[in-house]
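K.L.:
Contents of entry-v8.cif (mmCIF, C-alpha atoms) are given next:
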data_data
loop_
_atom_site.label_atom_id
_atom_site.label_comp_id
_atom_site.auth_asym_id
_atom_site.auth_seq_id
_atom_site.Cartn_x
_atom_site.Cartn_y
_atom_site.Cartn_z
CA MET A 20 9.38 6.52 -13.18
CA SER A 21 10.54 7.58 -9.74
CA THR A 22 13.16 5.54 -7.98
CA PHE A 23 13.64 4.63 -4.37
CA THR A 24 16.29 3.20 -2.09
CA VAL A 25 16.02 0.80 0.81
CA ARG A 26 18.19 1.53 3.82
CA PRO A 27 18.36 0.91 7.57
CA ALA A 28 15.89 3.06 9.47
CA ALA A 29 17.07 5.97 11.59
CA THR A 30 15.28 7.60 14.50
CA ARG A 31 14.29 10.47 12.19
CA ASP A 32 12.16 7.91 10.24
CA VAL A 33 10.09 6.67 13.18
CA ARG A 34 7.25 9.19 12.87
CA ALA A 35 6.95 8.39 9.14
CA ILE A 36 6.82 4.67 10.01
CA GLN A 37 4.06 5.43 12.51
CA SER A 38 2.15 7.38 9.83
CA LEU A 39 2.39 4.42 7.44
CA LEU A 40 1.29 2.03 10.19
CA GLU A 41 -1.68 3.91 11.65
CA PRO A 42 -4.26 3.29 8.87
CA TYR A 43 -3.56 -0.47 9.08
CA VAL A 44 -3.98 -0.42 12.85
CA GLN A 45 -7.32 1.38 12.46
CA ARG A 46 -8.48 -1.35 10.05
CA ARG A 47 -7.18 -4.06 12.44
CA ILE A 48 -4.77 -5.42 9.84
CA LEU A 49 -1.59 -4.76 11.84
CA LEU A 50 -0.95 -4.55 15.55
CA GLY A 51 -0.55 -1.03 16.86
CA LYS A 52 2.72 0.06 18.38
CA ASP A 53 3.25 2.96 20.73
CA LEU A 54 5.71 5.56 19.50
CA VAL A 55 8.17 4.59 22.23
CA VAL A 56 8.09 0.95 21.04
CA LEU A 57 8.82 2.07 17.48
CA TYR A 58 11.80 4.11 18.69
CA GLU A 59 13.03 1.15 20.75
CA SER A 60 12.89 -1.08 17.68
CA THR A 61 14.39 1.39 15.17
CA GLN A 62 17.34 -0.94 14.50
CA GLN A 63 14.93 -3.71 13.42
CA PHE A 64 13.52 -1.58 10.59
CA VAL A 65 14.50 -0.84 7.05
CA VAL A 66 12.75 1.90 5.12
CA ALA A 67 12.11 2.55 1.46
CA GLU A 68 12.80 6.17 0.64
CA ALA A 69 11.71 7.98 -2.51
CA GLU A 70 14.08 10.36 -4.31
CA ASP A 71 12.41 13.30 -2.58
CA GLY A 72 13.13 11.85 0.89
CA THR A 73 9.60 10.62 1.56
CA ILE A 74 9.39 7.29 3.40
CA ILE A 75 7.21 5.12 1.15
CA GLY A 76 7.59 1.75 2.83
CA CYS A 77 9.05 -0.10 5.77
CA GLY A 78 9.52 -3.48 7.33
CA ALA A 79 11.11 -4.91 10.44
CA LEU A 80 13.02 -8.06 11.30
CA HIS A 81 12.34 -9.31 14.81
CA VAL A 82 14.62 -12.06 16.13
CA MET A 83 12.48 -14.69 17.82
CA TRP A 84 14.94 -17.49 18.48
CA GLU A 85 18.36 -18.82 17.51
CA ASP A 86 17.29 -19.74 13.98
CA LEU A 87 13.95 -17.94 13.67
CA GLY A 88 12.99 -14.38 12.82
CA GLU A 89 9.79 -12.61 11.91
CA VAL A 90 9.06 -10.13 9.15
CA ARG A 91 6.96 -7.47 10.85
CA THR A 92 5.26 -4.19 10.00
CA LEU A 93 5.72 -4.58 6.23
CA ILE A 94 3.96 -1.58 4.73
CA VAL A 95 4.07 0.18 1.36
CA SER A 96 2.23 3.45 0.78
CA ASP A 97 -0.70 3.07 -1.59
CA GLU A 98 0.87 5.25 -4.31
CA TRP A 99 3.88 2.92 -4.47
CA LEU A 100 2.10 -0.45 -4.54
CA GLN A 101 3.03 -2.82 -7.39
CA ARG A 102 6.35 -1.03 -7.98
CA GLY A 103 8.74 -3.43 -6.25
CA VAL A 104 8.94 -1.62 -2.93
CA GLY A 105 7.64 -4.51 -0.80
CA ARG A 106 9.87 -7.00 -2.62
CA ARG A 107 12.96 -4.88 -2.03
CA VAL A 108 12.11 -4.34 1.64
CA VAL A 109 11.67 -8.10 2.17
CA GLU A 110 14.96 -8.80 0.35
CA ALA A 111 16.75 -6.36 2.68
CA LEU A 112 15.18 -8.03 5.73
CA GLU A 113 16.23 -11.45 4.43
CA ASP A 114 19.81 -10.18 4.00
CA ASN A 115 19.74 -8.88 7.57
CA ALA A 116 18.41 -12.23 8.80
CA ARG A 117 21.19 -14.14 7.04
CA ALA A 118 23.78 -11.80 8.52
CA LEU A 119 22.41 -12.57 11.99
CA GLY A 120 22.49 -16.34 11.38
CA ILE A 121 18.71 -16.74 11.07
CA SER A 122 17.71 -19.61 8.80
CA ARG A 123 13.90 -19.36 8.94
CA LEU A 124 11.60 -16.36 8.56
CA PHE A 125 8.02 -16.27 9.80
CA CYS A 126 5.25 -13.84 8.93
CA LEU A 127 1.60 -13.44 9.81
CA THR A 128 -0.15 -11.86 6.86
CA PHE A 129 -3.25 -11.17 4.85
CA GLU A 130 -1.01 -10.82 1.74
CA VAL A 131 -0.55 -14.53 1.11
CA ALA A 132 0.13 -14.29 -2.64
CA PHE A 133 2.82 -11.64 -2.12
CA PHE A 134 4.67 -13.79 0.41
CA GLU A 135 4.23 -16.95 -1.68
CA ARG A 136 6.01 -15.13 -4.54
CA ARG A 137 8.85 -14.45 -2.08
CA GLY A 138 9.15 -18.18 -1.24
CA PHE A 139 7.06 -18.34 1.94
CA SER A 140 4.67 -21.25 2.51
CA THR A 141 1.59 -21.55 4.69
CA ILE A 142 2.30 -23.41 7.91
CA GLY A 143 0.34 -25.14 10.65
CA GLU A 144 0.76 -25.03 14.39
CA GLN A 145 4.04 -26.84 15.09
CA VAL A 146 6.85 -24.56 13.92
CA VAL A 147 9.15 -24.96 16.92
CA ASP A 148 9.80 -27.89 19.19
CA PRO A 149 8.16 -27.99 22.64
CA ASP A 150 11.32 -26.84 24.48
CA VAL A 151 11.57 -23.70 22.32
CA TYR A 152 7.82 -23.14 22.65
CA SER A 153 8.14 -23.22 26.44
CA GLN A 154 10.75 -20.44 26.22
CA LEU A 155 8.92 -18.31 23.63
CA VAL A 156 5.66 -18.39 25.58
CA ARG A 157 7.44 -16.39 28.32
CA SER A 158 7.92 -13.41 26.01
CA PRO A 159 5.69 -10.39 26.64
CA ASP A 160 5.91 -9.51 22.91
CA GLU A 161 2.49 -9.55 21.19
CA GLY A 162 4.05 -10.64 17.90
CA ILE A 163 5.45 -13.74 19.54
CA ALA A 164 2.03 -14.40 21.06
CA GLU A 165 0.62 -14.19 17.52
CA PHE A 166 3.29 -16.57 16.25
CA LEU A 167 2.43 -19.06 18.99
CA ASP A 168 -1.27 -18.61 18.17
CA LEU A 169 -2.13 -17.71 21.75
CA ALA A 170 -5.81 -17.01 22.35
CA HIS A 171 -5.43 -13.50 23.83
CA VAL A 172 -4.32 -12.01 20.49
CA LYS A 173 -6.89 -13.79 18.33
CA PRO A 174 -9.35 -10.87 18.17
CA ASN A 175 -6.66 -8.69 16.55
CA THR A 176 -5.50 -11.18 13.96
CA LEU A 177 -8.54 -13.16 12.88
CA GLY A 178 -8.01 -14.19 9.29
CA ASN A 179 -4.22 -13.86 9.15
CA THR A 180 -2.22 -16.62 7.53
CA ARG A 181 0.89 -18.00 9.20
CA MET A 182 3.74 -18.41 6.72
CA LEU A 183 7.37 -19.54 6.89
CA LYS A 184 10.41 -19.43 4.61
CA SER A 185 13.73 -21.23 4.91
CA LEU A 186 16.63 -19.02 3.90
#
Can you dump the structure from the file as structure tokens?
P.N.:
Amino acid sequence: MSTFTVRPAATRDVRAIQSLLEPYVQRRILLGKDLVVLYESTQQFVVAEAEDGTIIGCGALHVMWEDLGEVRTLIVSDEWLQRGVGRRVVEALEDNARALGISRLFCLTFEVAFFERRGFSTIGEQVVDPDVYSQLVRSPDEGIAEFLDLAHVKPNTLGNTRMLKSL
């Protein structure tokens, strides 16, 4: 069985991340990101790399607030599904979140069972208090708009489940 490692992403990985992401954007499962946005967020990503150097998975940690982060762009290539890649990527993102002082992780996902196995629970609307909401709503970030359940992103995310985990 082939092995893989999970490590912080480097700029040389961005095009591979985009290649992993594109089929999910086409199927309207994940939000698309321009290449420049992926480069700008390189430091948010970890990648899973096979022994041969192929990037087989990725995920990003986006800081949303003092105590709140989001797991974003979690992708595993089809050939590597059910082999622990997603679990290891999420574990690395959780470690990064703890190191930053984040105590809660949010995700918006179609993969509810996967995230439940990682300790996430389905949540309702009120995840942050009104003062924090009033600050977050100012963000131009589409992921934060998704988190806040703002109407203008609904067409892209219909059917996603909002989930949260306390670290």
K.L.:
Need to verify the contact set: Phe64 in chain A, 9 Å, only C-alpha atoms, exclusion of same-chain residues closer than 5 positions in sequence. Can you return it as a PyMOL selection string?
P.N.:
chain A and resi 26-29+77-81+91-92+112
K.L.:
Name the residues that the PyMOL selection byres ((chain A and resi 109) around 12) picks from the file above, as a count of residues only, using the file's chain letters and numbers.
P.N.:
41
K.L.:
Considering only C-alpha atoms, state which residue in the set A:Thr128, A:Gln37, A:Thr22, A:Gln63 is at the smallest distance from Ser140 in chain A.
P.N.:
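Comparing A:Thr128, A:Gln37, A:Thr22, A:Gln63 against Ser140 in chain A, the winner is A:Thr128.
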K.L.:
Give me the residues within 9 Å of Phe23 in chain A as a ChimeraX atom specification, counting only C-alpha atoms and dropping any in the same chain fewer than 4 places off.
P.N.:
/A:67-72,75,104
K.L.:
Grab the CA of Ser122 in chain A to CA of Asp86 in chain A distance for me, in Å with one decimal place.
P.N.:
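So the answer is 5.2 Å.
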K.L.:
Out of A:Ile36, A:Trp84, A:Arg102, A:Phe129, which residue has the shortest atom-to-atom distance to Ser60 in chain A when counting all atoms listed in the file?
P.N.:
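Residue with the minimum atom-to-atom distance to Ser60 in chain A: A:Ile36.
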K.L.:
Go through A:Ala118, A:Glu130, A:Leu183, A:Pro42 and flag the residue nearest Gly143 in chain A, using only C-alpha atoms for the distances.
P.N.:
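The closest residue to Gly143 in chain A is A:Leu183.
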